[in-house]
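Report on the structure given below.
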Amino acid sequence: MEISIYTDGAARGNPGPGGYGIVMLSGHHRKELAAGFRYTTNNRMELLSVIVALEQLKSPGMSVTVYSDSKYVVDAVEKKWLLGWVRKSWKDVKNPDLWQRLIAVMSQHKVKFMWVKGHAENVENNRCDQLAVKASYGPDLYTDAYYESQNPPKFGIKDYKGKKA
């Protein structure tokens, strides 16, 4: 069974409130997912959207095509930057927590990545963008605990009620 996954991430302020959006397609099945975070970055949301989507797959060995407008994510996998980062023990790599989580979930499936131009004519990518932006405005935002522990906000974020992700 072939599964198509479209993903997008957003952050207002970068860093700032952020969110991800996902559209998963297989045959006549469609699933949309989104979540918002109180303080994070666009790249973390781009990466987390792919991870969460792949974690939704119920059986190992699925054939998956991930469509993303993030060169950061697509190139890291397709150009094998990830392999170098692993060899260098993640030295000077941003978001190692998420990259390690991605490697773990990717190892369970046959995954290929395709870059799509953002904010263009791709209906599903545009839908993911809508979901991600809307999630970033949500009333009950998650806390990106790893990011906040490494990058404490320089301003009060008391307006955002975060929950652990």
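Residue numbers start at 1 in each chain; chains themselves are named A, B, ... in the order of the structure tokens; ligands are numbered from 1 in the order shown.
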Worksheet entry | Spatial neighbours of segment 95-101 of chain A, 12 Å, only C-alpha atoms, chain gap at least 3 places, as number ranges by chain | A: 40-52, 54-55, 72-73, 76-77, 81-83, 85-86, 88-92, 104-108, 144-148, 150-151
Would you output that residue set with N, CA and C atoms, as a compact mmCIF listing (two decimals), in the first residue's frame?
# COMPACT_ATOMS: atom_id res chain seq x y z
N THR A 40 8.73 27.89 19.60
CA THR A 40 9.48 26.92 18.79
C THR A 40 9.99 27.62 17.54
N THR A 41 10.50 26.84 16.59
CA THR A 41 10.96 27.42 15.32
C THR A 41 10.25 26.75 14.15
N ASN A 42 10.32 27.42 13.02
CA ASN A 42 9.74 26.87 11.80
C ASN A 42 10.38 25.53 11.44
N ASN A 43 11.72 25.45 11.50
CA ASN A 43 12.38 24.20 11.14
C ASN A 43 11.97 23.05 12.05
N ARG A 44 11.79 23.32 13.34
CA ARG A 44 11.36 22.25 14.24
C ARG A 44 9.95 21.78 13.88
N MET A 45 9.09 22.70 13.49
CA MET A 45 7.73 22.31 13.12
C MET A 45 7.71 21.55 11.79
N GLU A 46 8.57 21.96 10.86
CA GLU A 46 8.68 21.23 9.59
C GLU A 46 9.10 19.79 9.86
N LEU A 47 10.08 19.62 10.70
CA LEU A 47 10.61 18.30 11.03
C LEU A 47 9.61 17.48 11.86
N LEU A 48 9.00 18.11 12.84
CA LEU A 48 8.04 17.40 13.68
C LEU A 48 6.83 16.93 12.89
N SER A 49 6.43 17.69 11.90
CA SER A 49 5.27 17.27 11.09
C SER A 49 5.54 15.94 10.40
N VAL A 50 6.73 15.76 9.88
CA VAL A 50 7.09 14.50 9.23
C VAL A 50 7.13 13.36 10.25
N ILE A 51 7.73 13.62 11.39
CA ILE A 51 7.85 12.60 12.44
C ILE A 51 6.47 12.13 12.90
N VAL A 52 5.62 13.07 13.23
CA VAL A 52 4.28 12.72 13.72
C VAL A 52 3.51 11.94 12.67
N LEU A 54 4.71 9.99 10.25
CA LEU A 54 5.24 8.63 10.15
C LEU A 54 4.90 7.80 11.38
N GLU A 55 4.83 8.43 12.53
CA GLU A 55 4.45 7.71 13.75
C GLU A 55 3.00 7.26 13.74
N TYR A 72 15.26 22.06 4.18
CA TYR A 72 15.97 21.63 5.38
C TYR A 72 15.70 20.14 5.64
N VAL A 73 14.46 19.74 5.59
CA VAL A 73 14.09 18.34 5.86
C VAL A 73 14.41 17.45 4.66
N ALA A 76 18.21 17.06 3.93
CA ALA A 76 18.92 16.32 4.98
C ALA A 76 18.81 14.83 4.77
N VAL A 77 17.66 14.38 4.27
CA VAL A 77 17.47 12.95 4.02
C VAL A 77 17.98 12.57 2.64
N TRP A 81 22.70 14.15 4.32
CA TRP A 81 23.36 14.93 5.36
C TRP A 81 23.23 14.22 6.70
N LEU A 82 22.10 13.56 6.90
CA LEU A 82 21.86 12.86 8.16
C LEU A 82 22.97 11.87 8.50
N LEU A 83 23.43 11.16 7.50
CA LEU A 83 24.50 10.18 7.74
C LEU A 83 25.76 10.85 8.29
N TRP A 85 25.85 13.69 9.93
CA TRP A 85 25.56 14.19 11.27
C TRP A 85 25.68 13.07 12.31
N VAL A 86 25.22 11.89 11.93
CA VAL A 86 25.34 10.74 12.84
C VAL A 86 26.82 10.42 13.07
N LYS A 88 29.30 12.32 12.94
CA LYS A 88 29.94 13.37 13.74
C LYS A 88 29.29 13.50 15.12
N SER A 89 28.48 12.52 15.48
CA SER A 89 27.80 12.51 16.80
C SER A 89 27.00 13.78 17.05
N TRP A 90 26.38 14.31 16.00
CA TRP A 90 25.46 15.45 16.09
C TRP A 90 26.17 16.75 16.46
N LYS A 91 27.49 16.79 16.30
CA LYS A 91 28.24 18.00 16.64
C LYS A 91 27.79 19.17 15.75
N ASP A 92 27.40 20.25 16.39
CA ASP A 92 26.98 21.49 15.72
C ASP A 92 25.71 21.32 14.88
N ALA A 104 14.68 7.03 13.76
CA ALA A 104 14.05 5.85 14.37
C ALA A 104 12.76 5.47 13.66
N VAL A 105 11.92 6.44 13.36
CA VAL A 105 10.64 6.12 12.73
C VAL A 105 10.81 5.80 11.24
N MET A 106 11.77 6.46 10.57
CA MET A 106 12.02 6.16 9.16
C MET A 106 12.52 4.74 8.97
N SER A 107 13.27 4.24 9.93
CA SER A 107 13.85 2.90 9.81
C SER A 107 12.79 1.81 9.77
N GLN A 108 11.57 2.14 10.12
CA GLN A 108 10.48 1.16 10.15
C GLN A 108 9.74 1.08 8.80
N ASP A 144 7.26 22.89 23.61
CA ASP A 144 8.39 22.22 22.96
C ASP A 144 9.50 22.22 24.00
N ALA A 145 9.43 21.25 24.92
CA ALA A 145 10.28 21.23 26.10
C ALA A 145 11.77 21.22 25.76
N TYR A 146 12.17 20.43 24.78
CA TYR A 146 13.60 20.39 24.42
C TYR A 146 14.05 21.76 23.94
N TYR A 147 13.31 22.36 23.02
CA TYR A 147 13.71 23.65 22.47
C TYR A 147 13.77 24.71 23.56
N GLU A 148 12.74 24.78 24.40
CA GLU A 148 12.71 25.79 25.44
C GLU A 148 13.83 25.59 26.46
N GLN A 150 16.80 24.53 25.79
CA GLN A 150 18.03 24.97 25.13
C GLN A 150 18.01 26.45 24.78
N ASN A 151 16.82 27.01 24.63
CA ASN A 151 16.64 28.39 24.17
C ASN A 151 15.54 29.07 24.97
Item to complete: For segment 2-17 of chain A, work out the shell of residues within 7 Å, counting only C-alpha atoms and skipping chain neighbours fewer than 4 positions away, then give it as a ChimeraX atom specification.
Response: /A:21-26,37-42,45-46,49-50,63-69,124-125,128-129,132-133,136
Worksheet item: What is the distance, in Å and to one decimal place, between atom CA of Lys117 of chain A and atom CA of Lys79 of chain A?
Response: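 We find that atom CA of Lys117 of chain A and atom CA of Lys79 of chain A lie 17.8 Å from each other.
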Worksheet item: Just how far from atom CA of Ser70 of chain A is atom CA of Val116 of chain A, in Å to one decimal?
Response: 8.1 Å
Fill in: Nearest candidate to Tyr137 of chain A (options A:Gly84, A:Pro60, A:Gly27, A:Gly36; using only C-alpha atoms)
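Smallest distance to Tyr137 of chain A is found for A:Gly36.
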Item to complete: Pick out each residue of chain A that DSSP on the backbone tags as alpha helix (DSSP H); I need them as number ranges by chain.
Response: A: 42-55, 71-78, 81-87, 96-106, 123-136, 145-150
Worksheet item: In Å to one decimal, how far is atom CA of His119 of chain A from atom CA of Leu141 of chain A?
Response: 24.5 Å
Practice prompt. Write out as an NGL selection string all residues of segment 84-120 of chain A that DSSP puts in strand (DSSP E) for this structure's backbone.
Written response: :A and (110-115)
Output C-alpha atoms for every residue in the selection just made, as a PDB file, in the first residue's frame.
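Output (result17.pdb):
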ATOM      1  CA  LYS A 110      10.340   2.632   3.020  1.00  0.00           C
ATOM      2  CA  VAL A 111      10.338   6.420   2.933  1.00  0.00           C
ATOM      3  CA  LYS A 112      11.236   8.788   0.124  1.00  0.00           C
ATOM      4  CA  PHE A 113      11.038  12.559   0.198  1.00  0.00           C
ATOM      5  CA  MET A 114       9.869  14.937  -2.498  1.00  0.00           C
ATOM      6  CA  TRP A 115      10.268  18.690  -2.330  1.00  0.00           C
TER       7      TRP A 115
END
Practice prompt. Pick out the residues sitting within 7 Å of Ala135 of chain A, and hand them over as a PyMOL selection string; count only C-alpha atoms, and ignore anything fewer than 5 positions along from it in its own chain.
Written response: chain A and resi 19-20+34-36
Worksheet item: Of the candidates A:Ile103, A:Val93, A:Val74, A:Met1, which shows the shortest atom-to-atom distance to Leu57 of chain A, using only C-alpha atoms?
Response: A:Met1
